[in-house]
>>> print(open('protein.tsv').read())   # TSV, C-alpha atoms
chain	number	residue	atom	x	y	z
L	1	MET	CA	12.46	102.09	-2.16
L	2	SER	CA	15.97	101.82	-0.72
L	3	ASP	CA	17.81	98.53	-0.19
L	4	VAL	CA	17.50	98.94	3.59
L	5	ALA	CA	13.74	99.36	3.31
L	6	VAL	CA	13.51	96.29	1.05
L	7	ARG	CA	15.47	94.18	3.54
L	8	GLN	CA	13.32	95.42	6.39
L	9	GLN	CA	10.18	94.55	4.46
L	10	LYS	CA	11.51	91.05	3.76
L	11	LEU	CA	12.36	90.57	7.43
L	12	ILE	CA	8.89	91.71	8.45
L	13	THR	CA	7.34	89.34	5.91
L	14	VAL	CA	9.40	86.42	7.24
L	15	PHE	CA	8.52	87.32	10.83
L	16	LEU	CA	4.80	87.53	10.01
L	17	GLY	CA	5.01	84.21	8.15
L	18	ILE	CA	6.60	82.49	11.16
L	19	LEU	CA	4.06	84.09	13.49
L	20	THR	CA	1.21	82.92	11.24
L	21	ILE	CA	2.54	79.35	11.24
L	22	ILE	CA	2.79	79.38	15.05
L	23	VAL	CA	-0.78	80.69	15.39
L	24	VAL	CA	-2.14	78.12	12.92
L	25	LEU	CA	-0.36	75.25	14.71
L	26	ALA	CA	-1.67	76.50	18.05
L	27	VAL	CA	-5.23	76.54	16.68
L	28	PHE	CA	-4.79	73.07	15.18
L	29	LYS	CA	-3.51	71.80	18.54
L	30	THR	CA	-6.07	73.40	20.83
L	31	GLN	CA	-9.05	72.87	18.50
L	32	SER	CA	-8.13	69.34	17.40
L	33	GLU	CA	-11.66	68.03	18.00
L	34	VAL	CA	-12.91	70.39	15.30
L	35	VAL	CA	-9.90	70.54	12.96
L	36	LEU	CA	-8.97	66.84	12.80
L	37	PRO	CA	-12.31	65.59	11.37
L	38	ILE	CA	-12.08	68.31	8.70
L	39	VAL	CA	-8.53	67.26	7.77
L	40	ILE	CA	-9.56	63.58	7.56
L	41	ALA	CA	-12.61	64.53	5.46
L	42	ILE	CA	-10.39	66.46	3.04
L	43	LEU	CA	-8.01	63.50	2.75
L	44	LEU	CA	-10.90	61.10	2.10
L	45	ALA	CA	-12.40	63.50	-0.44
L	46	ARG	CA	-9.12	63.61	-2.34
L	47	ILE	CA	-9.03	59.79	-2.29
L	48	PHE	CA	-12.64	59.13	-3.31
L	49	GLU	CA	-13.49	62.05	-5.62
L	50	PRO	CA	-11.61	60.59	-8.62
L	51	SER	CA	-13.71	57.43	-8.33
L	52	ILE	CA	-16.88	59.56	-8.48
L	53	ARG	CA	-15.58	61.29	-11.61
L	54	TRP	CA	-14.87	57.88	-13.11
L	55	LEU	CA	-18.42	56.73	-12.32
L	56	ASN	CA	-19.79	59.92	-13.90
L	57	SER	CA	-17.76	59.25	-17.04
L	58	LYS	CA	-19.54	55.87	-17.26
L	59	GLY	CA	-22.93	57.57	-17.23
L	60	ILE	CA	-23.72	57.03	-13.55
L	61	PRO	CA	-25.41	60.09	-11.97
L	62	LYS	CA	-23.42	62.01	-9.39
L	63	GLY	CA	-25.98	61.30	-6.66
L	64	ILE	CA	-25.56	57.56	-7.07
L	65	GLY	CA	-21.80	58.03	-7.21
L	66	LEU	CA	-21.91	59.91	-3.91
L	67	LEU	CA	-24.03	57.15	-2.39
L	68	VAL	CA	-21.58	54.47	-3.54
L	69	THR	CA	-18.72	56.54	-2.12
L	70	LEU	CA	-20.55	56.99	1.18
L	71	VAL	CA	-21.13	53.25	1.49
L	72	GLY	CA	-17.53	52.47	0.57
L	73	ALA	CA	-16.00	55.01	2.98
L	74	GLY	CA	-18.39	53.95	5.75
L	75	ALA	CA	-17.50	50.30	5.24
L	76	LEU	CA	-13.80	51.19	5.36
L	77	LEU	CA	-14.09	53.14	8.62
L	78	ALA	CA	-16.35	50.49	10.16
L	79	SER	CA	-13.86	47.75	9.24
L	80	ILE	CA	-11.01	49.70	10.84
L	81	ALA	CA	-13.10	50.23	13.99
L	82	ILE	CA	-13.93	46.51	14.23
L	83	VAL	CA	-10.29	45.48	13.75
L	84	LEU	CA	-9.04	47.98	16.35
L	85	GLY	CA	-11.74	46.83	18.77
L	86	LEU	CA	-10.64	43.20	18.39
L	87	CYS	CA	-7.02	44.23	18.96
L	88	ALA	CA	-7.89	46.15	22.12
L	89	GLN	CA	-9.81	43.14	23.46
L	90	GLN	CA	-6.93	40.76	22.76
L	91	VAL	CA	-4.37	43.07	24.38
L	92	ALA	CA	-6.51	43.47	27.49
L	93	ALA	CA	-7.12	39.70	27.70
L	94	VAL	CA	-3.59	38.38	27.03
L	95	LEU	CA	-1.03	40.79	28.46
L	96	PRO	CA	-2.16	40.54	32.12
L	97	HIS	CA	-1.10	36.85	32.07
L	98	TYR	CA	2.50	37.96	31.54
L	99	THR	CA	2.53	40.64	34.23
L	100	ASP	CA	4.69	38.71	36.71
L	101	LYS	CA	7.29	37.71	34.12
L	102	ALA	CA	7.40	41.20	32.64
L	103	ASP	CA	7.80	42.63	36.14
L	104	ALA	CA	10.72	40.29	36.79
L	105	MET	CA	12.36	41.19	33.47
L	106	LEU	CA	12.02	44.91	34.09
L	107	GLN	CA	13.33	44.52	37.63
L	108	GLY	CA	16.33	42.60	36.35
L	109	ALA	CA	17.02	45.25	33.73
L	110	ALA	CA	16.70	47.99	36.35
L	111	ASP	CA	19.11	46.18	38.68
L	112	SER	CA	21.64	45.75	35.86
L	113	VAL	CA	21.51	49.43	34.97
L	114	ARG	CA	21.75	50.42	38.62
L	115	GLY	CA	24.79	48.16	39.07
L	116	LEU	CA	26.46	49.63	35.98
L	117	LEU	CA	25.86	53.19	37.21
L	118	THR	CA	27.18	52.28	40.65
L	119	ARG	CA	30.43	50.92	39.15
L	120	MET	CA	30.75	54.19	37.26
L	121	GLY	CA	30.55	56.07	40.56
L	122	ALA	CA	27.03	57.43	40.16
L	123	ASP	CA	24.73	57.78	43.16
L	124	THR	CA	21.67	55.55	42.54
L	125	GLY	CA	20.23	55.77	46.04
L	126	GLN	CA	17.30	57.90	44.93
L	127	MET	CA	16.80	56.22	41.58
L	128	ASP	CA	13.89	53.96	40.79
L	129	LEU	CA	14.61	52.94	37.21
L	130	LYS	CA	11.67	50.57	37.07
L	131	HIS	CA	9.18	53.16	38.18
L	132	GLY	CA	6.94	54.26	35.32
L	133	ILE	CA	7.86	51.31	33.05
L	134	THR	CA	5.67	48.71	34.71
L	135	PRO	CA	3.71	46.09	32.72
L	136	ASP	CA	0.51	47.89	33.71
L	137	THR	CA	1.93	51.06	32.15
L	138	ILE	CA	2.74	49.20	28.92
L	139	ILE	CA	-0.79	47.74	28.80
L	140	ALA	CA	-2.27	51.18	29.47
L	141	VAL	CA	-0.23	52.76	26.66
L	142	LEU	CA	-1.30	50.11	24.13
L	143	THR	CA	-4.96	50.12	25.10
L	144	THR	CA	-5.00	53.92	25.20
L	145	GLY	CA	-3.61	54.02	21.67
L	146	PHE	CA	-6.30	51.64	20.43
L	147	GLY	CA	-8.93	53.46	22.47
L	148	GLY	CA	-7.93	56.83	21.04
L	149	ALA	CA	-8.22	55.50	17.51
L	150	LEU	CA	-11.62	53.97	18.29
L	151	GLY	CA	-12.80	57.18	19.91
L	152	PHE	CA	-11.82	59.10	16.80
L	153	LEU	CA	-13.62	56.62	14.55
L	154	SER	CA	-16.77	57.24	16.58
L	155	ASN	CA	-16.90	60.59	14.72
L	156	ALA	CA	-17.15	58.68	11.44
L	157	ILE	CA	-20.63	60.05	10.65
L	158	LEU	CA	-19.39	63.63	10.94
L	159	ILE	CA	-16.33	62.82	8.83
L	160	LEU	CA	-18.39	61.16	6.10
L	161	PHE	CA	-20.85	64.05	6.07
L	162	LEU	CA	-18.02	66.57	5.71
L	163	MET	CA	-16.44	64.45	2.96
L	164	LEU	CA	-19.71	64.39	1.00
L	165	MET	CA	-20.13	68.15	1.45
L	166	ILE	CA	-16.62	68.73	0.11
L	167	ILE	CA	-17.15	66.44	-2.90
L	168	GLY	CA	-20.70	67.60	-3.55
L	169	GLY	CA	-19.75	71.27	-3.38
L	170	SER	CA	-16.77	70.97	-5.71
L	171	GLN	CA	-18.84	71.75	-8.80
L	172	SER	CA	-20.37	74.86	-7.19
L	173	ILE	CA	-16.89	76.04	-6.23
L	174	ALA	CA	-15.69	75.39	-9.79
L	175	LYS	CA	-18.54	77.47	-11.22
L	176	GLY	CA	-17.75	80.28	-8.80
L	177	VAL	CA	-14.07	80.23	-9.76
L	178	GLU	CA	-15.01	80.32	-13.45
L	179	ARG	CA	-17.31	83.31	-12.97
L	180	GLY	CA	-14.87	85.15	-10.73
L	181	TYR	CA	-11.52	84.39	-12.36
L	182	GLY	CA	-12.33	83.09	-15.83
L	183	PRO	CA	-12.09	79.68	-17.53
L	184	LYS	CA	-8.28	79.74	-17.79
L	185	ARG	CA	-7.85	80.05	-14.03
L	186	LEU	CA	-10.46	77.32	-13.53
L	187	ALA	CA	-8.66	74.98	-15.94
L	188	LYS	CA	-5.39	75.63	-14.13
L	189	GLY	CA	-6.99	74.86	-10.75
L	190	GLN	CA	-8.62	71.69	-12.07
L	191	ALA	CA	-5.31	70.54	-13.53
L	192	PHE	CA	-3.69	71.15	-10.15
L	193	MET	CA	-6.32	69.13	-8.27
L	194	SER	CA	-6.14	66.35	-10.86
L	195	SER	CA	-2.37	66.17	-10.39
L	196	VAL	CA	-2.75	66.06	-6.60
L	197	ASP	CA	-5.41	63.34	-6.79
L	198	LYS	CA	-3.45	61.18	-9.21
L	199	LYS	CA	-0.14	61.28	-7.37
L	200	VAL	CA	-1.62	60.93	-3.89
L	201	GLN	CA	-3.86	58.05	-4.96
L	202	GLN	CA	-0.92	56.31	-6.58
L	203	PHE	CA	1.14	56.77	-3.43
L	204	LEU	CA	-1.59	55.63	-1.03
L	205	ILE	CA	-2.57	52.58	-3.08
L	206	SER	CA	1.04	51.50	-3.52
L	207	GLN	CA	1.84	52.06	0.16
L	208	THR	CA	-1.29	50.21	1.26
L	209	ILE	CA	-0.40	47.19	-0.89
L	210	VAL	CA	3.12	47.10	0.56
L	211	ASN	CA	1.75	47.50	4.11
L	212	LEU	CA	-0.77	44.70	3.52
L	213	ILE	CA	1.97	42.37	2.27
L	214	THR	CA	4.11	43.26	5.30
L	215	GLY	CA	1.23	42.74	7.73
L	216	VAL	CA	0.21	39.38	6.26
L	217	ALA	CA	3.83	38.18	6.22
L	218	THR	CA	4.24	39.28	9.84
L	219	TYR	CA	1.12	37.40	10.90
L	220	ILE	CA	2.20	34.21	9.11
L	221	ILE	CA	5.65	34.33	10.74
L	222	LEU	CA	4.44	35.10	14.26
L	223	ALA	CA	1.54	32.63	14.10
L	224	SER	CA	3.83	29.87	12.81
L	225	PHE	CA	5.99	30.32	15.92
L	226	GLY	CA	2.88	30.33	18.12
L	227	LEU	CA	3.33	33.87	19.39
L	228	ASP	CA	0.41	35.34	21.30
L	229	LEU	CA	-1.17	38.51	19.87
L	230	ALA	CA	0.12	37.66	16.38
L	231	PHE	CA	-2.97	39.28	14.85
L	232	VAL	CA	-2.50	42.45	16.93
L	233	PHE	CA	1.14	42.76	15.87
L	234	ALA	CA	0.17	42.21	12.23
L	235	VAL	CA	-2.42	45.01	12.45
L	236	LEU	CA	0.11	47.30	14.14
L	237	THR	CA	2.62	46.47	11.42
L	238	PHE	CA	0.10	47.41	8.73
L	239	PHE	CA	-0.68	50.80	10.24
L	240	LEU	CA	2.81	51.62	11.54
L	241	SER	CA	4.30	50.91	8.11
L	242	TYR	CA	2.72	54.14	6.91
L	243	ILE	CA	5.47	55.75	9.00
L	244	PRO	CA	8.70	54.96	7.11
L	245	ALA	CA	11.70	53.67	9.08
L	246	ILE	CA	10.33	54.53	12.54
L	247	GLY	CA	7.07	52.64	12.21
L	248	GLY	CA	8.73	49.57	10.71
L	249	LEU	CA	11.29	49.41	13.50
L	250	VAL	CA	8.68	49.74	16.24
L	251	SER	CA	6.44	47.13	14.61
L	252	GLN	CA	9.31	44.62	14.71
L	253	LEU	CA	10.45	45.39	18.26
L	254	LEU	CA	7.02	44.87	19.83
L	255	PRO	CA	6.68	41.14	18.93
L	256	ILE	CA	10.28	40.59	20.08
L	257	PHE	CA	9.39	41.88	23.53
L	258	MET	CA	6.35	39.59	23.52
L	259	ALA	CA	8.53	36.65	22.52
L	260	LEU	CA	10.85	37.36	25.47
L	261	LEU	CA	7.83	37.14	27.76
L	262	GLN	CA	6.28	34.05	26.22
L	263	PHE	CA	9.18	31.80	25.19
L	264	ASP	CA	11.85	30.32	27.43
L	265	SER	CA	13.96	29.01	24.54
L	266	GLY	CA	16.53	31.45	23.22
L	267	GLY	CA	16.73	29.43	20.01
L	268	THR	CA	13.02	29.95	19.31
L	269	ILE	CA	13.30	33.67	19.96
L	270	GLY	CA	16.43	33.97	17.80
L	271	ALA	CA	14.86	32.04	14.92
L	272	MET	CA	11.69	34.15	15.04
L	273	VAL	CA	13.70	37.39	15.10
L	274	ALA	CA	15.91	36.25	12.20
L	275	VAL	CA	12.95	35.26	10.02
L	276	LEU	CA	10.99	38.41	10.92
L	277	PHE	CA	13.86	40.78	10.16
L	278	GLY	CA	14.84	38.86	7.03
L	279	VAL	CA	11.36	38.95	5.52
L	280	ASN	CA	10.85	42.62	6.41
L	281	LEU	CA	14.23	43.47	4.89
L	282	LEU	CA	13.25	41.63	1.71
L	283	ILE	CA	9.96	43.54	1.49
L	284	ASP	CA	11.64	46.86	2.28
L	285	ARG	CA	14.51	46.48	-0.20
L	286	VAL	CA	13.01	44.43	-3.02
L	287	VAL	CA	9.20	44.16	-2.97
L	288	GLY	CA	8.44	47.69	-1.77
L	289	PRO	CA	10.53	49.58	-4.37
L	290	LYS	CA	9.07	47.48	-7.21
L	291	ILE	CA	5.53	48.36	-6.16
L	292	MET	CA	6.12	51.94	-5.04
L	293	GLY	CA	8.43	52.96	-7.88
L	294	LYS	CA	9.30	56.65	-7.59
L	295	SER	CA	5.87	57.78	-6.43
L	296	LEU	CA	6.26	60.77	-4.11
L	297	SER	CA	9.66	59.79	-2.73
L	298	MET	CA	10.35	61.98	0.30
L	299	SER	CA	13.42	62.57	2.41
L	300	PRO	CA	13.53	60.48	5.61
L	301	LEU	CA	14.24	63.69	7.52
L	302	VAL	CA	11.08	65.32	6.14
L	303	VAL	CA	9.05	62.22	6.99
L	304	PHE	CA	10.49	62.14	10.52
L	305	LEU	CA	9.78	65.83	11.13
L	306	ALA	CA	6.25	65.43	9.75
L	307	PHE	CA	5.73	62.44	12.02
L	308	ILE	CA	6.85	64.42	15.09
L	309	LEU	CA	4.71	67.42	14.18
L	310	PHE	CA	1.50	65.52	13.39
L	311	THR	CA	1.90	63.25	16.41
L	312	TRP	CA	2.28	66.29	18.64
L	313	LEU	CA	-0.79	67.84	17.06
L	314	TRP	CA	-3.17	64.88	16.97
L	315	GLY	CA	-1.60	61.87	18.70
L	316	THR	CA	-2.08	58.41	17.20
L	317	ILE	CA	-4.29	59.57	14.33
L	318	GLY	CA	-1.82	62.35	13.52
L	319	ALA	CA	1.00	59.82	13.28
L	320	LEU	CA	-1.00	57.76	10.78
L	321	ILE	CA	-1.95	60.67	8.51
L	322	ALA	CA	1.45	62.39	8.68
L	323	VAL	CA	2.81	60.84	5.49
L	324	PRO	CA	-0.36	61.24	3.33
L	325	ALA	CA	-0.79	64.85	4.45
L	326	THR	CA	2.87	65.63	3.77
L	327	ALA	CA	2.57	63.95	0.38
L	328	ILE	CA	-0.32	66.26	-0.54
L	329	LEU	CA	1.74	69.28	0.52
L	330	LYS	CA	4.66	68.08	-1.60
L	331	VAL	CA	2.45	67.69	-4.68
L	332	ALA	CA	0.99	71.16	-4.04
L	333	PHE	CA	4.48	72.64	-3.85
L	334	GLU	CA	5.50	70.87	-7.07
L	335	THR	CA	2.70	72.53	-9.04
L	336	SER	CA	3.62	76.04	-7.88
L	337	ASP	CA	6.54	77.83	-9.54
L	338	GLY	CA	7.32	79.77	-6.39
L	339	LEU	CA	7.12	76.77	-4.03
L	340	ARG	CA	8.69	74.14	-6.32
L	341	PRO	CA	12.17	74.54	-4.73
L	342	ILE	CA	10.64	73.47	-1.39
L	343	ALA	CA	9.27	70.33	-3.07
L	344	TYR	CA	12.75	69.56	-4.40
L	345	MET	CA	14.20	69.91	-0.91
L	346	MET	CA	11.58	67.45	0.38
L	347	GLU	CA	12.68	64.72	-2.03
L	348	GLU	CA	14.85	61.80	-1.06
>>> encode(input="protein.tsv", output="structure tokens")
Amino acid sequence: MSDVAVRQQKLITVFLGILTIIVVLAVFKTQSEVVLPIVIAILLARIFEPSIRWLNSKGIPKGIGLLVTLVGAGALLASIAIVLGLCAQQVAAVLPHYTDKADAMLQGAADSVRGLLTRMGADTGQMDLKHGITPDTIIAVLTTGFGGALGFLSNAILILFLMLMIIGGSQSIAKGVERGYGPKRLAKGQAFMSSVDKKVQQFLISQTIVNLITGVATYIILASFGLDLAFVFAVLTFFLSYIPAIGGLVSQLLPIFMALLQFDSGGTIGAMVAVLFGVNLLIDRVVGPKIMGKSLSMSPLVVFLAFILFTWLWGTIGALIAVPATAILKVAFETSDGLRPIAYMMEE
């Protein structure tokens, strides 16, 4: 085959690869109600299957191990649903009391921007800078986010069933691989899955501990200053901290906006902001690295792109699973000789 033919074949392969990715993303987007529960079930299976293997190694039958896993996963999802439900109730009950003040603040900000644009010679006659950023819009966005998460968790039974099917069928798949490809290929596949499970579990456990410390610290700080919705902001901090950099910044800005609505004293607001940023900086620079170590360090650019992609695909839930899903992909790339360079490019 000539060099021209080889180059043409490579170009065709690249084109087909890009086309395949576009088609897959389109299917994931349009069929999210079907695809997303499967993705969550796979993630949960990768998290809980090692615990079942550990129970089996202690002489506990697999059926009992599956039952324990089902109860544990169900309790986890139910707890998240209860917490999100409480947050949605608090947001709906508290924020309407600040509607007038928020309206005045937004109007003042809009007037300031309009005045600045006018001095710069811009025509603001047709501009309504406050339109679309009303307090009711803010409340709707927050409650919609909580409501979307709760609506997704209503599919918990389906997710748990899929998770059990994936875990329960793993042995049958292993036997099929052994018969079809031989014991060496099976051992290689099992080593790959073991590596994925170990690294992802280490990452998720470490990240969850750091997020829990950050959320508890946030609640203590906000509650000590008497800020309304302190519990809601602590919960948001816990979940948003799974999104590096972006999530942490958003989780700190939200209580500041609430403080501007609730407190009239600039000193109180300044003290709360200083303590909040100081403690979060301490956790981010000192506590977090000690707990996380070097587990699955990823480039901020990769994390940001993953966050954008998964949020576009699946909204709030996609934003939360972006990092774990990307971490699994990175581990998968690391174990493949051909894809290992991609894993290196994903590192920080």
>>> residues_around(input="protein.tsv", residues="Val35 in chain L", least_positions_apart="3", cutoff="12 Å", atoms="all atoms listed in the file", output="list in words")
Val24, Leu25, Ala26, Val27, Phe28, Lys29, Thr30, Gln31, Ser32, Ile38, Val39, Ile40, Ala41, Ile42, Leu158, Ile159, Leu162, Leu313, Trp314 and Gly318 of chain L
>>> closest_residue(input="protein.tsv", among="L:Ile291, L:Leu261, L:Ile12, L:Ala217", to="Leu95 in chain L", atoms="only C-alpha atoms")
L:Leu261
>>> closest_residue(input="protein.tsv", among="L:Ile80, L:Val323, L:Leu11, L:Ile317", to="Ser299 in chain L", atoms="only C-alpha atoms")
L:Val323
>>> closest_residue(input="protein.tsv", among="L:Ser51, L:Thr218, L:Ser170, L:Thr99", to="Gln262 in chain L", atoms="all atoms listed in the file")
L:Thr99
>>> closest_atom_pairs(input="protein.tsv", of="range 147-204 of chain L", to="range 58-68 of chain L", cutoff="9 Å", atoms="all atoms listed in the file", output="Markdown table")
| residue | atom | partner | partner_atom | distance |
| --- | --- | --- | --- | --- |
| L:Leu164 | CA | L:Leu66 | CA | 7.0 |
| L:Ile167 | CA | L:Leu66 | CA | 8.1 |
| L:Gly168 | CA | L:Leu66 | CA | 7.8 |
>>> residues_around(input="protein.tsv", residues="Leu212 in chain L", least_positions_apart="2", cutoff="12 Å", atoms="all atoms listed in the file", output="PyMOL selection string")
chain L and resi 204-210+214-219+234-242+283+287-288
>>> write_last_selection(input="protein.tsv", atoms="C-alpha atoms", output="PDB file, in the frame of the given file")
ATOM      1  CA  LEU L 204      -1.590  55.630  -1.030  1.00  0.00           C
ATOM      2  CA  ILE L 205      -2.570  52.580  -3.080  1.00  0.00           C
ATOM      3  CA  SER L 206       1.040  51.500  -3.520  1.00  0.00           C
ATOM      4  CA  GLN L 207       1.840  52.060   0.160  1.00  0.00           C
ATOM      5  CA  THR L 208      -1.290  50.210   1.260  1.00  0.00           C
ATOM      6  CA  ILE L 209      -0.400  47.190  -0.890  1.00  0.00           C
ATOM      7  CA  VAL L 210       3.120  47.100   0.560  1.00  0.00           C
ATOM      8  CA  THR L 214       4.110  43.260   5.300  1.00  0.00           C
ATOM      9  CA  GLY L 215       1.230  42.740   7.730  1.00  0.00           C
ATOM     10  CA  VAL L 216       0.210  39.380   6.260  1.00  0.00           C
ATOM     11  CA  ALA L 217       3.830  38.180   6.220  1.00  0.00           C
ATOM     12  CA  THR L 218       4.240  39.280   9.840  1.00  0.00           C
ATOM     13  CA  TYR L 219       1.120  37.400  10.900  1.00  0.00           C
ATOM     14  CA  ALA L 234       0.170  42.210  12.230  1.00  0.00           C
ATOM     15  CA  VAL L 235      -2.420  45.010  12.450  1.00  0.00           C
ATOM     16  CA  LEU L 236       0.110  47.300  14.140  1.00  0.00           C
ATOM     17  CA  THR L 237       2.620  46.470  11.420  1.00  0.00           C
ATOM     18  CA  PHE L 238       0.100  47.410   8.730  1.00  0.00           C
ATOM     19  CA  PHE L 239      -0.680  50.800  10.240  1.00  0.00           C
ATOM     20  CA  LEU L 240       2.810  51.620  11.540  1.00  0.00           C
ATOM     21  CA  SER L 241       4.300  50.910   8.110  1.00  0.00           C
ATOM     22  CA  TYR L 242       2.720  54.140   6.910  1.00  0.00           C
ATOM     23  CA  ILE L 283       9.960  43.540   1.490  1.00  0.00           C
ATOM     24  CA  VAL L 287       9.200  44.160  -2.970  1.00  0.00           C
ATOM     25  CA  GLY L 288       8.440  47.690  -1.770  1.00  0.00           C
TER      26      GLY L 288
END
>>> atom_distance(input="protein.tsv", atom1="CA of Ile47 in chain L", atom2="CA of Thr69 in chain L")
10.2 Å
>>> atom_distance(input="protein.tsv", atom1="CA of Phe225 in chain L", atom2="CA of Met272 in chain L")
6.9 Å
>>> atom_distance(input="protein.tsv", atom1="CA of Phe233 in chain L", atom2="CA of Ala306 in chain L")
24.0 Å
>>> closest_residue(input="protein.tsv", among="L:Ile243, L:Ala187, L:Met193, L:Ala73", to="Pro300 in chain L", atoms="all atoms listed in the file")
L:Ile243
>>> closest_residue(input="protein.tsv", among="L:Leu36, L:Ala45, L:Phe15, L:Lys175", to="Val200 in chain L", atoms="all atoms listed in the file")
L:Ala45
>>> build_atoms(input="protein.tsv", residues="range 69-84 of chain L", atoms="N, CA and C atoms", output="compact mmCIF listing (two decimals), in the coordinates of the input")
# COMPACT_ATOMS: atom_id res chain seq x y z
N THR L 69 -19.89 56.08 -2.87
CA THR L 69 -18.72 56.54 -2.12
C THR L 69 -18.99 56.53 -0.63
N LEU L 70 -20.19 56.98 -0.23
CA LEU L 70 -20.55 56.99 1.18
C LEU L 70 -20.53 55.58 1.76
N VAL L 71 -21.12 54.64 1.02
CA VAL L 71 -21.13 53.25 1.49
C VAL L 71 -19.71 52.69 1.59
N GLY L 72 -18.90 52.98 0.57
CA GLY L 72 -17.53 52.47 0.57
C GLY L 72 -16.70 53.05 1.70
N ALA L 73 -16.76 54.37 1.90
CA ALA L 73 -16.00 55.01 2.98
C ALA L 73 -16.51 54.55 4.34
N GLY L 74 -17.85 54.43 4.47
CA GLY L 74 -18.39 53.95 5.75
C GLY L 74 -17.96 52.54 6.06
N ALA L 75 -17.95 51.67 5.03
CA ALA L 75 -17.50 50.30 5.24
C ALA L 75 -16.03 50.25 5.63
N LEU L 76 -15.23 51.14 5.02
CA LEU L 76 -13.80 51.19 5.36
C LEU L 76 -13.59 51.60 6.81
N LEU L 77 -14.25 52.69 7.24
CA LEU L 77 -14.09 53.14 8.62
C LEU L 77 -14.65 52.13 9.62
N ALA L 78 -15.78 51.50 9.27
CA ALA L 78 -16.35 50.49 10.16
C ALA L 78 -15.42 49.28 10.30
N SER L 79 -14.79 48.88 9.20
CA SER L 79 -13.86 47.75 9.24
C SER L 79 -12.66 48.07 10.13
N ILE L 80 -12.14 49.30 10.00
CA ILE L 80 -11.01 49.70 10.84
C ILE L 80 -11.42 49.70 12.31
N ALA L 81 -12.62 50.20 12.60
CA ALA L 81 -13.10 50.23 13.99
C ALA L 81 -13.23 48.82 14.56
N ILE L 82 -13.76 47.90 13.76
CA ILE L 82 -13.93 46.51 14.23
C ILE L 82 -12.56 45.87 14.51
N VAL L 83 -11.62 46.07 13.58
CA VAL L 83 -10.29 45.48 13.75
C VAL L 83 -9.60 46.05 14.99
N LEU L 84 -9.67 47.37 15.18
CA LEU L 84 -9.04 47.98 16.35
C LEU L 84 -9.72 47.52 17.64
